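See below for the structure under consideration.
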Amino acid sequence: MAIESVKVGIADFKIAYAPNNIITVGLGSCVGVCLWDSFSKIGGMAHIMLPSSSQARAVLNKKKYADSCIALLINEMCKYGINKKRLVAKLAGGARMFNFPGSNDIMQIGKRNIDAVKDVLNANGIQIVATDVGGSFGRTIELYTEDGRLLIKTINKGVKFI
């Protein structure tokens, strides 16, 4: 059987069964949230843009925000047969891509995204088993549903698995 790479766009999520992989590119201040169930070998990946839908004027795409997107992803994965209690998470991204002099926390979208994602996962009882977050560089990530490894590619920083 050929392995398919399922692509996740910005402000979206996808789910895949082993042996297929899930990939997203262009994580800057965005956070890639990868959920994986080792028993069913089903994975899900979300490309989170912003921390909270409660701060938006109009929520046209719930997949854009940490709070609403992760809830949607978990619910959809349950339809595929995962057990929420077996889910583990890996995170990547949340970089500080621009340095604005004198800027306050509101401008630190990457850090706010990381914090929001961690809060939502914690509230859902999902353990974060590995992270590659922060810094000032973009990332491309690929989740291997067969074994839960997360490949991280970074310009000038190389390639690694977490």
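We label chains A, B, ... in the order they appear in the structure tokens, count residues from 1 in each chain, and number ligands from 1 in the order shown.
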Which parts of segment 49-81 of chain A does DSSP call alpha helix (DSSP H) when run on the backbone here, written out as a PyMOL selection string? chain A and resi 66-79
Sorted per-residue table, segment 17-77 of chain A near segment 114-129 of chain A, closest atoms and distance, 10 Å, only C-alpha atoms, as CSV:
residue,atom,partner,partner_atom,distance
A:Ser29,CA,A:Ile114,CA,8.9
A:Cys30,CA,A:Ile114,CA,8.5
A:Val31,CA,A:Ile114,CA,6.7
A:Gly32,CA,A:Val117,CA,9.4
A:Val33,CA,A:Val117,CA,7.8
A:Cys34,CA,A:Ile128,CA,9.5
A:Leu35,CA,A:Ile126,CA,8.7
A:Ile48,CA,A:Val117,CA,8.5
A:Leu50,CA,A:Ala116,CA,8.7
A:Pro51,CA,A:Ala116,CA,5.3
A:Ser52,CA,A:Ala116,CA,7.3
A:Tyr65,CA,A:Ala116,CA,9.1
A:Ala66,CA,A:Val117,CA,5.5
A:Asp67,CA,A:Val120,CA,6.1
A:Ser68,CA,A:Val120,CA,9.2
A:Cys69,CA,A:Val117,CA,9.8
A:Ile70,CA,A:Val120,CA,7.3
A:Ala71,CA,A:Val120,CA,8.2
A:Ile74,CA,A:Asn124,CA,9.2
Output C-alpha atoms for every residue in that selection, as a PDB file, in the first residue's frame.
ATOM      1  CA  SER A  29       3.776  32.130  14.877  1.00  0.00           C
ATOM      2  CA  CYS A  30       1.161  29.456  14.139  1.00  0.00           C
ATOM      3  CA  VAL A  31       1.237  26.258  16.190  1.00  0.00           C
ATOM      4  CA  GLY A  32       0.994  22.772  14.773  1.00  0.00           C
ATOM      5  CA  VAL A  33      -0.941  20.549  17.165  1.00  0.00           C
ATOM      6  CA  CYS A  34      -0.518  16.818  16.563  1.00  0.00           C
ATOM      7  CA  LEU A  35      -2.746  14.324  18.363  1.00  0.00           C
ATOM      8  CA  ILE A  48      -3.616  26.996  14.672  1.00  0.00           C
ATOM      9  CA  LEU A  50      -4.718  32.519  16.810  1.00  0.00           C
ATOM     10  CA  PRO A  51      -5.230  31.782  20.510  1.00  0.00           C
ATOM     11  CA  SER A  52      -8.913  32.431  21.152  1.00  0.00           C
ATOM     12  CA  TYR A  65      -8.398  29.391  16.846  1.00  0.00           C
ATOM     13  CA  ALA A  66      -6.784  27.152  19.487  1.00  0.00           C
ATOM     14  CA  ASP A  67      -9.905  26.859  21.637  1.00  0.00           C
ATOM     15  CA  SER A  68     -12.404  25.940  18.935  1.00  0.00           C
ATOM     16  CA  CYS A  69     -10.123  24.045  16.529  1.00  0.00           C
ATOM     17  CA  ILE A  70      -8.743  21.580  19.078  1.00  0.00           C
ATOM     18  CA  ALA A  71     -12.266  20.807  20.312  1.00  0.00           C
ATOM     19  CA  ILE A  74     -10.896  15.845  19.136  1.00  0.00           C
TER      20      ILE A  74
END
Run DSSP on the backbone and grab whatever in segment 12-104 of chain A lands in strand (DSSP E or B); send it over as a PyMOL selection string. chain A and resi 12-17+21-27+31-37+42-48+50+65+87-93
Nearest candidate to Met97 of chain A (options A:Gly138, A:Pro19, A:Gly81, A:Gly158; using only C-alpha atoms):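 Ranked by minimum distance to Met97 of chain A, first place goes to A:Gly138.
Residue nearest Ser40 of chain A, chosen from A:Lys160, A:Lys62, A:Arg57, A:Lys84 and counting only C-alpha atoms: A:Lys84.
For Val133 of chain A, the residues within 8 Å (counting only C-alpha atoms, excluding itself and residues fewer than 5 positions away along the chain) are Val31, Leu91, Ala92, Gly93, Gly94, Ala95 and Ile114 of chain A.
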Writing out the chosen residues with C-alpha atoms as a PDB file, in the first residue's frame:
ATOM      1  CA  VAL A  31       1.237  26.258  16.190  1.00  0.00           C
ATOM      2  CA  LEU A  91       3.474  20.678  19.416  1.00  0.00           C
ATOM      3  CA  ALA A  92       5.648  22.710  17.071  1.00  0.00           C
ATOM      4  CA  GLY A  93       5.781  26.343  15.996  1.00  0.00           C
ATOM      5  CA  GLY A  94       4.760  29.419  17.922  1.00  0.00           C
ATOM      6  CA  ALA A  95       7.806  31.391  16.817  1.00  0.00           C
ATOM      7  CA  ILE A 114       1.551  28.156  22.580  1.00  0.00           C
TER       8      ILE A 114
END
Distance query segment 3-14 of chain A at most 7 Å, only C-alpha atoms, self and fewer than 4 positions along chain excluded, as a list of chain:residue names: A:Pro19, A:Asn20, A:Asn21, A:Ile22, A:Ile23, A:Thr24, A:Gly44, A:Met45, A:Ala46, A:His47, A:Ile48, A:Met49, A:Lys63, A:Lys64, A:Leu73
Using only C-alpha atoms for the distances, tell me which of A:Val25, A:Phe137, A:Arg86, A:Thr145 is nearest to Phe98 of chain A.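 The answer is A:Phe137, which sits nearest to Phe98 of chain A.
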Please compute the atom CA of Ile109 of chain A-atom CA of Asn75 of chain A distance, one decimal, in Å.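 Interatomic distance here is 25.8 Å.
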Atom CA of Gly28 of chain A and atom CA of Gly110 of chain A are how many Å apart? 7.6 Å
Write out as a PDB file with C-alpha atoms, in the first residue's frame the residues lying within 7 Å of Ile152 of chain A, counting only C-alpha atoms and excluding same-chain residues fewer than 2 positions away.
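What ended up in result_37.pdb:
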ATOM      1  CA  ARG A 139       8.933  25.066  10.617  1.00  0.00           C
ATOM      2  CA  THR A 140       7.434  22.353   8.452  1.00  0.00           C
ATOM      3  CA  ILE A 141       6.148  19.309  10.320  1.00  0.00           C
ATOM      4  CA  GLU A 142       5.069  15.794   9.380  1.00  0.00           C
ATOM      5  CA  LEU A 150       6.907  14.083  14.444  1.00  0.00           C
ATOM      6  CA  THR A 154      13.689  24.048   9.866  1.00  0.00           C
ATOM      7  CA  VAL A 159      15.801  18.158  10.503  1.00  0.00           C
ATOM      8  CA  LYS A 160      14.860  16.249  13.663  1.00  0.00           C
ATOM      9  CA  PHE A 161      12.249  13.944  15.129  1.00  0.00           C
TER      10      PHE A 161
END
Neighbour list for Ile162 of chain A as a PyMOL selection string, cut-off 7 Å, only C-alpha atoms, skip fewer than 3 positions in-chain: chain A and resi 130+149-151
Can you spit out the residues from that selection as a compact mmCIF listing (two decimals), in the first residue's frame, using N, CA and C atoms?
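out34.txt was written with the following content:
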# COMPACT_ATOMS: atom_id res chain seq x y z
N ALA A 130 5.86 15.95 23.73
CA ALA A 130 7.04 16.57 23.12
C ALA A 130 6.66 17.90 22.50
N ARG A 149 5.83 9.51 15.52
CA ARG A 149 6.97 10.42 15.41
C ARG A 149 6.54 11.70 14.69
N LEU A 150 7.16 12.81 15.10
CA LEU A 150 6.91 14.08 14.44
C LEU A 150 8.22 14.59 13.86
N LEU A 151 8.27 14.68 12.54
CA LEU A 151 9.44 15.19 11.82
C LEU A 151 9.32 16.71 11.76
